[in-house]
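K.L.:
Got a file for you: model_18.cif, mmCIF, C-alpha atoms.
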data_run
#
loop_
_atom_site.label_atom_id
_atom_site.label_comp_id
_atom_site.auth_asym_id
_atom_site.auth_seq_id
_atom_site.Cartn_x
_atom_site.Cartn_y
_atom_site.Cartn_z
CA MET V 1 -44.84 4.80 -16.46
CA GLU V 2 -46.33 1.66 -14.94
CA ALA V 3 -49.21 1.77 -17.43
CA LEU V 4 -46.70 2.03 -20.29
CA ALA V 5 -44.77 -0.93 -18.92
CA VAL V 6 -47.94 -3.02 -18.77
CA ARG V 7 -48.81 -2.17 -22.39
CA LEU V 8 -45.26 -2.95 -23.57
CA SER V 9 -45.19 -6.27 -21.72
CA GLY V 10 -48.41 -7.29 -23.40
CA LEU V 11 -46.89 -6.65 -26.82
CA ASP V 12 -43.53 -8.40 -26.38
CA PRO V 13 -42.45 -11.06 -23.84
CA TYR V 14 -38.83 -9.87 -24.26
CA VAL V 15 -39.77 -6.37 -23.16
CA ASP V 16 -41.65 -7.80 -20.20
CA GLY V 17 -38.58 -9.78 -19.12
CA ALA V 18 -36.25 -6.81 -19.63
CA LEU V 19 -38.50 -4.55 -17.53
CA ARG V 20 -38.56 -7.12 -14.76
CA ILE V 21 -34.73 -7.30 -14.78
CA VAL V 22 -34.45 -3.51 -14.63
CA ALA V 23 -36.89 -3.38 -11.72
CA PHE V 24 -35.02 -6.23 -9.99
CA TYR V 25 -31.68 -4.37 -10.06
CA ASP V 26 -33.28 -1.05 -9.19
CA THR V 27 -34.56 -2.70 -6.01
CA LEU V 28 -31.10 -4.11 -5.19
CA MET V 29 -29.47 -0.73 -5.70
CA ARG V 30 -32.05 1.01 -3.49
CA ARG V 31 -31.27 -1.54 -0.79
CA ARG V 32 -27.54 -0.72 -1.13
CA VAL V 33 -26.44 -4.34 -1.30
CA ASP V 34 -22.73 -5.20 -1.50
CA LEU V 35 -20.86 -7.12 -4.22
CA PRO V 36 -21.34 -10.67 -2.83
CA ALA V 37 -25.09 -10.02 -2.50
CA LEU V 38 -25.23 -8.74 -6.08
CA ALA V 39 -23.47 -11.87 -7.31
CA ARG V 40 -25.85 -14.15 -5.38
CA ALA V 41 -28.94 -12.32 -6.61
CA SER V 42 -27.71 -12.38 -10.21
CA ALA V 43 -26.88 -16.08 -10.14
CA GLY V 44 -30.35 -16.84 -8.76
CA LEU V 45 -32.06 -14.68 -11.36
CA ALA V 46 -30.05 -16.06 -14.29
CA GLU V 47 -30.16 -19.64 -12.96
CA CYS V 48 -26.45 -20.08 -13.74
CA VAL V 49 -23.08 -19.12 -12.29
CA ALA V 50 -22.52 -15.34 -12.10
CA GLY V 51 -19.19 -13.62 -11.52
CA ILE V 52 -17.72 -10.24 -10.58
CA ARG V 53 -14.08 -9.17 -10.77
CA LEU V 54 -12.58 -5.75 -9.98
CA HIS V 55 -9.28 -4.85 -11.63
CA GLY V 56 -8.05 -3.22 -8.42
CA THR V 57 -8.24 -6.47 -6.44
CA GLU V 58 -8.02 -9.26 -9.02
CA ARG V 59 -10.24 -11.35 -6.71
CA ALA V 60 -13.17 -12.99 -8.47
CA ILE V 61 -16.56 -13.55 -6.84
CA ARG V 62 -18.24 -16.58 -8.47
CA VAL V 63 -21.61 -17.74 -7.18
CA ALA V 64 -23.76 -20.73 -8.14
CA PRO V 65 -27.54 -20.47 -8.70
CA ASP V 66 -28.20 -21.74 -5.16
CA GLY V 67 -26.39 -18.69 -3.76
CA THR V 68 -23.24 -20.45 -2.59
CA GLY V 69 -19.71 -19.76 -3.74
CA THR V 70 -18.51 -22.22 -6.34
CA SER V 71 -15.06 -23.77 -6.57
CA ALA V 72 -15.86 -25.64 -9.78
CA PRO V 73 -13.53 -24.76 -12.65
CA PRO V 74 -14.92 -21.90 -14.78
CA THR V 75 -16.63 -23.14 -17.93
CA GLY V 76 -15.88 -19.91 -19.75
CA PRO V 77 -18.23 -16.93 -19.83
CA SER V 78 -21.32 -17.12 -21.97
CA GLY V 79 -21.59 -13.34 -21.75
CA THR V 80 -19.63 -10.46 -20.22
CA ALA V 81 -19.99 -6.73 -19.55
CA ALA V 82 -17.48 -4.10 -18.46
CA VAL V 83 -17.97 -2.25 -15.18
CA LEU V 84 -17.44 1.47 -15.79
CA LEU V 85 -16.99 4.24 -13.23
CA ASP V 86 -16.34 7.80 -14.38
CA GLU V 87 -15.81 6.41 -17.90
CA GLU V 88 -12.98 4.16 -16.64
CA GLU V 89 -13.22 0.36 -16.79
CA ILE V 90 -12.76 -0.89 -13.23
CA GLY V 91 -13.92 -4.49 -13.60
CA THR V 92 -15.95 -7.16 -15.38
CA VAL V 93 -19.14 -9.13 -14.75
CA TRP V 94 -20.09 -12.34 -16.49
CA LEU V 95 -22.42 -15.33 -16.66
CA GLU V 96 -21.42 -18.95 -17.16
CA ARG V 97 -24.55 -20.38 -18.80
CA PRO V 98 -24.27 -23.91 -20.17
CA GLY V 99 -25.89 -24.40 -23.56
CA PRO V 100 -27.44 -21.58 -25.60
CA ALA V 101 -27.46 -18.05 -24.19
CA ASN V 102 -30.68 -16.49 -22.94
CA PRO V 103 -31.77 -13.46 -25.01
CA LEU V 104 -32.15 -11.50 -21.76
CA ASP V 105 -28.60 -12.19 -20.56
CA GLU V 106 -27.32 -9.01 -22.18
CA VAL V 107 -29.84 -6.90 -20.29
CA LEU V 108 -29.04 -8.69 -17.04
CA LEU V 109 -25.28 -8.13 -17.45
CA ASP V 110 -25.72 -4.47 -18.30
CA ARG V 111 -27.79 -3.87 -15.17
CA LEU V 112 -25.43 -5.97 -13.02
CA ALA V 113 -22.46 -3.89 -14.26
CA LEU V 114 -24.30 -0.67 -13.33
CA ALA V 115 -25.14 -2.04 -9.89
CA VAL V 116 -21.51 -3.12 -9.28
CA ALA V 117 -20.25 0.36 -10.24
CA ALA V 118 -22.71 1.92 -7.80
CA ALA V 119 -21.62 -0.46 -5.03
CA VAL V 120 -17.92 0.26 -5.63
CA GLU V 121 -18.57 4.01 -5.52
CA ARG V 122 -20.47 3.58 -2.27
CA TYR V 123 -18.37 1.02 -0.41
CA GLY V 124 -15.05 0.88 -2.24
CA PRO V 125 -13.62 -2.35 -3.68
CA ALA V 126 -13.69 -5.77 -2.11
CA ARG V 127 -11.96 -6.04 1.24
CA THR V 128 -8.36 -6.88 0.41
CA THR V 129 -5.08 -5.20 1.28
CA MET V 130 -3.19 -5.66 -1.99
CA ALA V 131 -4.25 -3.12 -4.60
CA ASP V 132 -3.75 -2.31 -8.25
CA PRO V 133 -0.28 -0.68 -8.44
CA ALA V 134 -1.57 1.70 -11.12
CA LEU V 135 -4.16 3.12 -8.72
CA VAL V 136 -1.65 3.43 -5.88
CA GLU V 137 0.79 5.15 -8.21
CA LEU V 138 -1.91 7.68 -9.14
CA VAL V 139 -2.32 8.49 -5.45
CA ILE V 140 1.39 9.05 -4.71
CA SER V 141 2.52 10.53 -8.03
CA ALA V 142 3.73 14.12 -7.91
CA ASP V 143 2.58 14.58 -11.52
CA GLY V 144 -1.06 13.61 -10.95
CA ASP V 145 -3.88 16.11 -10.60
CA GLU V 146 -6.07 16.25 -7.51
CA ALA V 147 -9.19 14.98 -9.31
CA ALA V 148 -7.39 11.83 -10.50
CA ARG V 149 -5.87 11.32 -7.03
CA ALA V 150 -9.27 11.65 -5.34
CA ARG V 151 -10.85 9.19 -7.76
CA ALA V 152 -8.03 6.67 -7.24
CA LEU V 153 -8.41 6.94 -3.46
CA ARG V 154 -12.16 6.37 -3.78
CA LEU V 155 -11.59 3.27 -5.94
CA LEU V 156 -9.13 2.00 -3.34
CA GLY V 157 -11.80 2.29 -0.65
CA PHE V 158 -10.82 5.55 1.12
CA ALA V 159 -13.78 7.82 1.77
CA ALA V 160 -13.56 11.48 0.75
CA GLY V 161 -11.86 13.55 3.43
CA LEU V 162 -10.40 10.51 5.19
CA PRO V 163 -6.75 11.12 6.22
CA VAL V 164 -4.30 8.86 4.38
CA ARG V 165 -0.89 7.99 5.84
CA VAL V 166 1.85 6.74 3.52
CA LEU V 167 4.58 4.23 4.37
CA ALA V 168 7.58 3.08 2.33
CA VAL V 169 8.36 -0.51 3.31
CA ARG V 170 11.04 -3.12 2.76
CA SER V 171 9.90 -6.53 3.94
CA PRO V 172 12.11 -9.37 2.69
CA ARG V 173 10.14 -12.13 4.44
CA LEU V 174 6.63 -11.02 5.41
CA PRO V 175 4.18 -10.39 2.51
CA LEU V 176 3.26 -6.75 2.07
CA ASP V 177 -0.47 -7.33 2.58
CA GLN V 178 0.25 -8.79 6.03
CA VAL V 179 2.40 -5.79 6.92
CA GLY V 180 -0.45 -3.48 5.93
CA GLY V 181 -2.98 -5.44 7.96
CA LEU V 182 -0.76 -5.31 11.04
CA VAL V 183 -0.09 -1.55 11.05
CA CYS V 184 -3.72 -0.61 10.39
CA PRO V 185 -6.08 -3.27 11.77
CA GLY V 186 -9.79 -2.78 11.18
CA ARG V 187 -9.45 0.37 9.06
CA PRO V 188 -8.90 1.05 5.35
CA VAL V 189 -5.41 0.01 4.20
CA LYS V 190 -4.00 -0.77 0.74
CA ALA V 191 -0.58 -1.90 -0.40
CA ALA V 192 1.35 -2.38 -3.63
CA GLN V 193 4.92 -2.89 -4.83
CA ILE V 194 6.20 0.05 -6.89
CA GLY V 195 9.77 0.40 -8.11
CA GLY V 196 11.10 -2.28 -5.76
CA VAL V 197 9.64 -0.60 -2.66
CA GLY V 198 6.43 -1.48 -0.86
CA VAL V 199 3.82 1.28 -0.60
CA VAL V 200 1.24 1.15 2.18
CA LEU V 201 -1.66 3.61 2.24
CA ALA V 202 -3.46 3.55 5.58
CA ALA V 203 -6.14 5.48 7.43
CA ALA V 204 -3.97 5.23 10.55
CA VAL V 205 -0.57 3.76 11.46
CA ASP V 206 0.45 1.91 14.61
CA ARG V 207 4.25 1.86 14.20
CA ASP V 208 4.66 -0.44 17.21
CA ARG V 209 2.86 -3.21 15.32
CA LEU V 210 5.44 -3.42 12.53
CA PRO V 211 7.02 -6.87 12.85
CA THR V 212 10.69 -7.69 13.29
CA GLY V 213 12.66 -7.71 10.06
CA VAL V 214 10.57 -5.01 8.39
CA ARG V 215 12.04 -1.58 7.69
CA ALA V 216 9.69 1.32 7.11
CA GLY V 217 9.64 5.06 6.59
CA ILE V 218 6.51 7.01 7.53
CA GLY V 219 5.59 10.25 5.78
CA ALA V 220 4.29 13.22 7.73
CA ALA V 221 2.60 15.42 5.11
CA GLU V 222 -1.16 15.44 4.55
CA SER V 223 -0.82 15.28 0.76
CA PRO V 224 -0.17 11.62 -0.27
CA ASP V 225 2.33 12.55 -3.00
CA ARG V 226 4.47 14.63 -0.65
CA SER V 227 4.04 12.09 2.14
CA TRP V 228 5.36 9.39 -0.21
CA ARG V 229 8.52 11.39 -0.89
CA GLU V 230 8.98 11.86 2.85
CA ALA V 231 8.38 8.15 3.52
CA ARG V 232 11.03 7.19 0.93
CA THR V 233 13.50 9.56 2.58
CA ALA V 234 12.73 8.22 6.05
CA LEU V 235 13.18 4.64 4.82
CA ARG V 236 16.71 5.49 3.68
CA PHE V 237 17.60 6.32 7.31
CA ALA V 238 16.17 3.06 8.71
CA THR V 239 18.70 0.72 10.33
CA PRO V 240 18.62 -2.65 12.10
CA ARG V 241 18.74 -0.75 15.40
CA GLU V 242 16.03 1.70 14.31
CA PRO V 243 14.00 -0.12 11.63
CA VAL V 244 11.04 2.30 11.65
CA VAL V 245 11.71 5.98 11.00
CA HIS V 246 9.14 8.77 10.99
CA TYR V 247 10.05 11.63 8.70
CA ALA V 248 8.92 14.15 11.33
CA ASP V 249 11.56 12.76 13.72
CA LEU V 250 14.44 13.35 11.28
CA GLY V 251 14.35 17.11 11.60
CA ALA V 252 17.40 18.77 10.02
CA LEU V 253 18.92 15.33 9.41
CA ALA V 254 16.53 14.95 6.46
CA LEU V 255 18.56 17.65 4.67
CA LEU V 256 21.31 15.08 4.14
CA ALA V 257 19.03 13.29 1.68
CA GLU V 258 19.05 16.44 -0.48
CA VAL V 259 22.85 16.49 -0.78
CA PRO V 260 24.05 15.20 -4.18
CA ARG V 261 25.37 11.66 -3.91
CA ALA V 262 28.68 12.63 -5.49
CA ALA V 263 29.25 15.18 -2.73
CA LEU V 264 28.52 12.55 -0.08
CA ARG V 265 30.95 10.07 -1.65
CA GLU V 266 33.76 12.65 -1.82
CA ASN V 267 33.42 13.77 1.81
CA PRO V 268 36.57 12.65 3.77
CA ASP V 269 34.59 11.54 6.83
CA VAL V 270 32.26 9.40 4.69
CA THR V 271 35.19 7.93 2.77
CA ALA V 272 36.94 7.00 6.02
CA LEU V 273 33.75 5.53 7.44
CA ALA V 274 33.36 3.31 4.38
CA ARG V 275 36.69 1.70 5.32
CA VAL V 276 35.61 1.27 8.96
CA ALA V 277 32.30 -0.28 7.82
CA ALA V 278 34.22 -3.15 6.24
CA ASN V 279 34.39 -4.52 9.79
CA PRO V 280 30.77 -5.14 10.93
CA GLU V 281 31.84 -5.22 14.59
CA ASP V 282 33.38 -1.75 14.38
CA LEU V 283 30.34 -0.43 12.53
CA GLU V 284 27.99 -1.79 15.19
CA THR V 285 30.14 -0.30 17.96
CA LEU V 286 30.21 3.14 16.36
CA ASP V 287 26.45 3.02 15.73
CA ALA V 288 25.73 2.14 19.36
CA TYR V 289 28.06 4.90 20.58
CA CYS V 290 26.41 7.52 18.36
CA VAL V 291 22.95 6.43 19.47
CA ALA V 292 23.80 6.18 23.18
CA GLY V 293 26.04 9.25 23.45
CA SER V 294 28.28 7.71 26.10
CA LEU V 295 30.61 4.74 26.49
CA ARG V 296 28.68 3.18 29.36
CA ARG V 297 25.31 3.38 27.63
CA ALA V 298 26.88 2.04 24.43
CA ALA V 299 28.33 -0.85 26.43
CA ASP V 300 24.86 -1.61 27.78
CA LEU V 301 23.44 -1.69 24.24
CA LEU V 302 26.24 -3.98 23.05
CA HIS V 303 26.25 -6.13 26.21
CA LEU V 304 29.98 -5.53 26.61
CA HIS V 305 32.21 -4.10 29.34
CA HIS V 306 32.66 -0.36 28.97
CA SER V 307 36.45 -0.71 28.85
CA SER V 308 36.16 -2.97 25.79
CA VAL V 309 33.93 -0.42 24.08
CA ALA V 310 36.35 2.38 25.02
CA ARG V 311 39.24 0.57 23.32
CA ARG V 312 37.18 0.00 20.18
CA ILE V 313 36.02 3.62 20.02
CA GLU V 314 39.60 4.83 20.42
CA GLN V 315 40.71 2.66 17.46
CA ILE V 316 37.73 3.75 15.35
CA GLY V 317 38.45 7.40 16.12
CA LYS V 318 42.01 6.99 14.88
CA ALA V 319 40.78 5.32 11.68
CA LEU V 320 38.34 8.18 11.10
CA ALA V 321 40.82 10.88 12.19
CA ILE V 322 38.07 12.18 14.50
CA ASP V 323 38.31 12.77 18.25
CA LEU V 324 35.29 10.81 19.47
CA SER V 325 35.71 11.78 23.10
CA GLY V 326 33.81 15.07 22.75
CA PRO V 327 30.40 16.17 21.44
CA ALA V 328 31.83 17.74 18.25
CA GLY V 329 33.48 14.48 17.23
CA LEU V 330 30.38 12.52 18.10
CA THR V 331 28.28 14.82 15.89
CA ARG V 332 30.73 14.43 12.98
CA ALA V 333 30.70 10.65 13.32
CA GLY V 334 26.90 10.54 13.48
CA LEU V 335 26.55 12.66 10.34
CA ALA V 336 29.15 10.56 8.51
CA LEU V 337 27.32 7.40 9.54
CA ALA V 338 23.98 8.75 8.30
CA ALA V 339 25.53 9.92 4.99
CA TRP V 340 27.23 6.55 4.44
CA ARG V 341 23.93 4.76 5.00
CA LEU V 342 22.27 6.95 2.37
CA LEU V 343 24.90 5.81 -0.12
CA ASP V 344 24.60 2.20 1.02
CA ASP V 345 20.83 2.44 0.50
CA GLU V 346 21.51 3.47 -3.11
CA ALA V 347 23.51 0.27 -3.65
CA SER V 348 20.73 -1.90 -2.19
CA GLN V 349 17.99 -0.54 -4.48
#
Output the file's structure as structure tokens, nothing else.

P.N.:
Amino acid sequence: MEALAVRLSGLDPYVDGALRIVAFYDTLMRRRVDLPALARASAGLAECVAGIRLHGTERAIRVAPDGTGTSAPPTGPSGTAAVLLDEEEIGTVWLERPGPANPLDEVLLDRLALAVAAAVERYGPARTTMADPALVELVISADGDEAARARALRLLGFAAGLPVRVLAVRSPRLPLDQVGGLVCPGRPVKAAQIGGVGVVLAAAVDRDRLPTGVRAGIGAAESPDRSWREARTALRFATPREPVVHYADLGALALLAEVPRAALRENPDVTALARVAANPEDLETLDAYCVAGSLRRAADLLHLHHSSVARRIEQIGKALAIDLSGPAGLTRAGLALAAWRLLDDEASQ
């Protein structure tokens, strides 16, 4: 092979240059360099700005010939090539050569695109939390096949066999990428907005790190598509008092989410609770009482005297037509409260 290359290079300078480019990228791929290193090496070889962009991150890597990142406005590509992985276009590489193009630029871009695809397959995409919603949707979709789901996870940076936890998140103030970074520091995590709800895919979840103001549901199943359904259900049960809900902790309460909404609306306890909920103070008192299970503990949660809470609970019980002094009434009120919140969640979507 080497003898053939020598003979070819003697016949045609173009062939000589092309063979050198192929050998150059073969060496880089053997050394398993990452995307920034590929961009630096390409810019140095081409003696012009080189760029790499992955569709899953939308972050461009642009490097000047001296190997440093460039903030100069793009001059427009003088040549481009698509990055393909498993016959799917996952990104683009380009050169920004001023003046006439070099005849070898096409060879260089083809080899750079191959090297980028190999690096993505090995390391996953550039380190960023926000991901292509289309890839995330492939992971959590119940209609997707396992091969497509595995490929999407690989493109998102999750190694084969790595457990993936799924969260459904509502974060009105904090950006979703920051939420993802907080719950899974130092390990693979990706996030995207789908259907008005934030999706976080993480190798691990530290629920105690979720910041104030964020509501989240955490799925329990190993399969990401089923875990997503569980996370959405758990999110519907999240409240200001309990903003983070794990599906595994719901137990039989999760069955309420399977009840048709019309049946929930027509239930007399839920209808009565909707009237009580018009007064936020009464709603907060009932919630604290259901959570605490006793007047004194509810008073501690509300920072009120227990006699004041007792009077409120008596009035709320009359409005609901439920005796709240015993465990049966407390159970009915708790179920009505959970069912009403499921309906209220529907209105907020």

K.L.:
Do you know which residues lie at most 10 Å from (-29.8, -19.9, -5.1), with coordinates as in the file and only C-alpha atoms counted, and could you write them as a list in words?

P.N.:
Arg40, Ala41, Ser42, Ala43, Gly44, Leu45, Ala46, Glu47, Cys48, Val49, Val63, Ala64, Pro65, Asp66, Gly67 and Thr68 of chain V

K.L.:
In Å, with one decimal, what is the gap from CA of Glu222 (chain V) to CA of Ala192 (chain V)?

P.N.:
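Pair CA of Glu222 (chain V) / CA of Ala192 (chain V) returns 19.8 Å.
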
K.L.:
Which of these residues is nearest to Ala220 (chain V), using all atoms listed in the file: V:Leu176, V:Val164, V:Ala263, V:Val200?

P.N.:
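Distance minimum relative to Ala220 (chain V) lands on V:Val164.
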
K.L.:
Translate the PyMOL selection byres ((chain V and resi 175) around 12) into a concrete residue list for this structure, as a list of chain:residue names.

P.N.:
V:Thr129, V:Met130, V:Val169, V:Arg170, V:Ser171, V:Pro172, V:Arg173, V:Leu174, V:Leu176, V:Asp177, V:Gln178, V:Val179, V:Gly180, V:Gly181, V:Leu182, V:Ala191, V:Ala192, V:Gln193, V:Gly198, V:Val200, V:Pro211, V:Gly213, V:Val214

K.L.:
Once the PyMOL selection byres ((chain V and resi 228) around 7) has been evaluated on this model, what residues remain selected, and can you format them as an MDAnalysis selection string?

P.N.:
chainID V and resid 140 166:167 219 224:227 229:232

K.L.:
Rounded to one decimal in Å, what is the spacing between CA of Ala159 (chain V) and CA of Asp34 (chain V)?

P.N.:
16.1 Å

K.L.:
Could you jot down the CA of Leu295 (chain V) to CA of Val245 (chain V) separation for me, Å, one decimal place?

P.N.:
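About the pair CA of Leu295 (chain V) and CA of Val245 (chain V): they are 24.5 Å apart.
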
K.L.:
Which residue gives the smallest distance to Val107 (chain V) among V:Tyr247, V:Tyr289, V:Phe158, V:Trp94, with all atoms listed in the file counted?

P.N.:
V:Trp94

K.L.:
Pick from V:Ala81, V:Ile90, V:Leu343, V:Ala336: nearest to Glu121 (chain V), with only C-alpha atoms counted?

P.N.:
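Checking each of V:Ala81, V:Ile90, V:Leu343, V:Ala336 against Glu121 (chain V), counting only C-alpha atoms, the winner is V:Ile90.
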
K.L.:
Applying 12 Å and only C-alpha atoms, which residues near Glu284 (chain V) remain after dropping the ones on its own chain fewer than 4 positions away? List them as a ChimeraX atom specification.

P.N.:
/V:239-241,276-280,288-291,298-299,301-303,309,312-313,316,337

K.L.:
When you count all atoms listed in the file, which of these residues is closest to Leu19 (chain V): V:Arg111, V:Arg341, V:Arg207, V:Arg31?

P.N.:
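Ranking V:Arg111, V:Arg341, V:Arg207, V:Arg31 by distance to Leu19 (chain V), first place goes to V:Arg111.
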
K.L.:
Using the chain letters and numbers from the file, give me the residues hit by the PyMOL selection byres ((chain V and resi 145-156) around 10), as a PDB file with C-alpha atoms, keeping the file's coordinate frame.

P.N.:
ATOM      1  CA  LEU V  54     -12.580  -5.750  -9.980  1.00  0.00           C
ATOM      2  CA  GLY V  56      -8.050  -3.220  -8.420  1.00  0.00           C
ATOM      3  CA  THR V  57      -8.240  -6.470  -6.440  1.00  0.00           C
ATOM      4  CA  LEU V  85     -16.990   4.240 -13.230  1.00  0.00           C
ATOM      5  CA  ASP V  86     -16.340   7.800 -14.380  1.00  0.00           C
ATOM      6  CA  ILE V  90     -12.760  -0.890 -13.230  1.00  0.00           C
ATOM      7  CA  VAL V 120     -17.920   0.260  -5.630  1.00  0.00           C
ATOM      8  CA  GLU V 121     -18.570   4.010  -5.520  1.00  0.00           C
ATOM      9  CA  ARG V 122     -20.470   3.580  -2.270  1.00  0.00           C
ATOM     10  CA  TYR V 123     -18.370   1.020  -0.410  1.00  0.00           C
ATOM     11  CA  GLY V 124     -15.050   0.880  -2.240  1.00  0.00           C
ATOM     12  CA  PRO V 125     -13.620  -2.350  -3.680  1.00  0.00           C
ATOM     13  CA  ALA V 126     -13.690  -5.770  -2.110  1.00  0.00           C
ATOM     14  CA  ARG V 127     -11.960  -6.040   1.240  1.00  0.00           C
ATOM     15  CA  THR V 128      -8.360  -6.880   0.410  1.00  0.00           C
ATOM     16  CA  THR V 129      -5.080  -5.200   1.280  1.00  0.00           C
ATOM     17  CA  MET V 130      -3.190  -5.660  -1.990  1.00  0.00           C
ATOM     18  CA  ALA V 131      -4.250  -3.120  -4.600  1.00  0.00           C
ATOM     19  CA  ASP V 132      -3.750  -2.310  -8.250  1.00  0.00           C
ATOM     20  CA  ALA V 134      -1.570   1.700 -11.120  1.00  0.00           C
ATOM     21  CA  LEU V 135      -4.160   3.120  -8.720  1.00  0.00           C
ATOM     22  CA  VAL V 136      -1.650   3.430  -5.880  1.00  0.00           C
ATOM     23  CA  GLU V 137       0.790   5.150  -8.210  1.00  0.00           C
ATOM     24  CA  LEU V 138      -1.910   7.680  -9.140  1.00  0.00           C
ATOM     25  CA  VAL V 139      -2.320   8.490  -5.450  1.00  0.00           C
ATOM     26  CA  ILE V 140       1.390   9.050  -4.710  1.00  0.00           C
ATOM     27  CA  SER V 141       2.520  10.530  -8.030  1.00  0.00           C
ATOM     28  CA  ALA V 142       3.730  14.120  -7.910  1.00  0.00           C
ATOM     29  CA  ASP V 143       2.580  14.580 -11.520  1.00  0.00           C
ATOM     30  CA  GLY V 144      -1.060  13.610 -10.950  1.00  0.00           C
ATOM     31  CA  GLY V 157     -11.800   2.290  -0.650  1.00  0.00           C
ATOM     32  CA  PHE V 158     -10.820   5.550   1.120  1.00  0.00           C
ATOM     33  CA  ALA V 159     -13.780   7.820   1.770  1.00  0.00           C
ATOM     34  CA  ALA V 160     -13.560  11.480   0.750  1.00  0.00           C
ATOM     35  CA  GLY V 161     -11.860  13.550   3.430  1.00  0.00           C
ATOM     36  CA  LEU V 162     -10.400  10.510   5.190  1.00  0.00           C
ATOM     37  CA  VAL V 164      -4.300   8.860   4.380  1.00  0.00           C
ATOM     38  CA  PRO V 188      -8.900   1.050   5.350  1.00  0.00           C
ATOM     39  CA  VAL V 189      -5.410   0.010   4.200  1.00  0.00           C
ATOM     40  CA  LYS V 190      -4.000  -0.770   0.740  1.00  0.00           C
ATOM     41  CA  ALA V 191      -0.580  -1.900  -0.400  1.00  0.00           C
ATOM     42  CA  LEU V 201      -1.660   3.610   2.240  1.00  0.00           C
ATOM     43  CA  SER V 223      -0.820  15.280   0.760  1.00  0.00           C
ATOM     44  CA  PRO V 224      -0.170  11.620  -0.270  1.00  0.00           C
ATOM     45  CA  ASP V 225       2.330  12.550  -3.000  1.00  0.00           C
TER      46      ASP V 225
END

K.L.:
What's the 10 Å shell around region 264-266 of chain V, counting only C-alpha atoms, without same-chain residues fewer than 4 positions away, as number ranges by chain?

P.N.:
V: 256-257, 259-260, 270-271, 274, 336, 339-340, 342-343

K.L.:
Could you list, as a list in words, every residue within 12 Å of Arg30 (chain V), counting only C-alpha atoms and ignoring same-chain residues fewer than 6 positions away?

P.N.:
Ala23, Phe24, Ala115, Ala118, Ala119 and Arg122 of chain V

K.L.:
From the list V:Thr80, V:Ser294, V:Thr75, V:Ser307, which residue is nearest Gly326 (chain V) when using all atoms listed in the file?

P.N.:
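For Gly326 (chain V), the nearest of the given residues is V:Ser294.
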
K.L.:
Hey, could you patch up region 163-175 of chain V with N, CA and C atoms and hand it over as a compact mmCIF listing (two decimals), in the frame of the given file?

P.N.:
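After the write, rebuild16.txt holds the following:
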# COMPACT_ATOMS: atom_id res chain seq x y z
N PRO V 163 -8.21 10.97 6.25
CA PRO V 163 -6.75 11.12 6.22
C PRO V 163 -6.08 9.84 5.72
N VAL V 164 -5.03 10.00 4.93
CA VAL V 164 -4.30 8.86 4.38
C VAL V 164 -2.83 9.00 4.75
N ARG V 165 -2.31 8.02 5.49
CA ARG V 165 -0.89 7.99 5.84
C ARG V 165 -0.17 7.12 4.81
N VAL V 166 1.07 7.46 4.53
CA VAL V 166 1.85 6.74 3.52
C VAL V 166 3.11 6.18 4.15
N LEU V 167 3.37 4.89 3.89
CA LEU V 167 4.58 4.23 4.37
C LEU V 167 5.36 3.69 3.18
N ALA V 168 6.68 3.77 3.26
CA ALA V 168 7.58 3.08 2.33
C ALA V 168 8.17 1.91 3.10
N VAL V 169 8.06 0.70 2.54
CA VAL V 169 8.36 -0.51 3.31
C VAL V 169 9.30 -1.43 2.54
N ARG V 170 10.25 -2.00 3.27
CA ARG V 170 11.04 -3.12 2.76
C ARG V 170 10.81 -4.30 3.70
N SER V 171 10.25 -5.36 3.14
CA SER V 171 9.90 -6.53 3.94
C SER V 171 10.36 -7.78 3.20
N PRO V 172 11.58 -8.25 3.46
CA PRO V 172 12.11 -9.37 2.69
C PRO V 172 11.41 -10.71 2.95
N ARG V 173 10.74 -10.84 4.10
CA ARG V 173 10.14 -12.13 4.44
C ARG V 173 8.61 -12.07 4.51
N LEU V 174 8.08 -11.08 5.20
CA LEU V 174 6.63 -11.02 5.41
C LEU V 174 5.95 -10.38 4.20
N PRO V 175 4.89 -11.00 3.64
CA PRO V 175 4.18 -10.39 2.51
C PRO V 175 3.65 -9.01 2.86
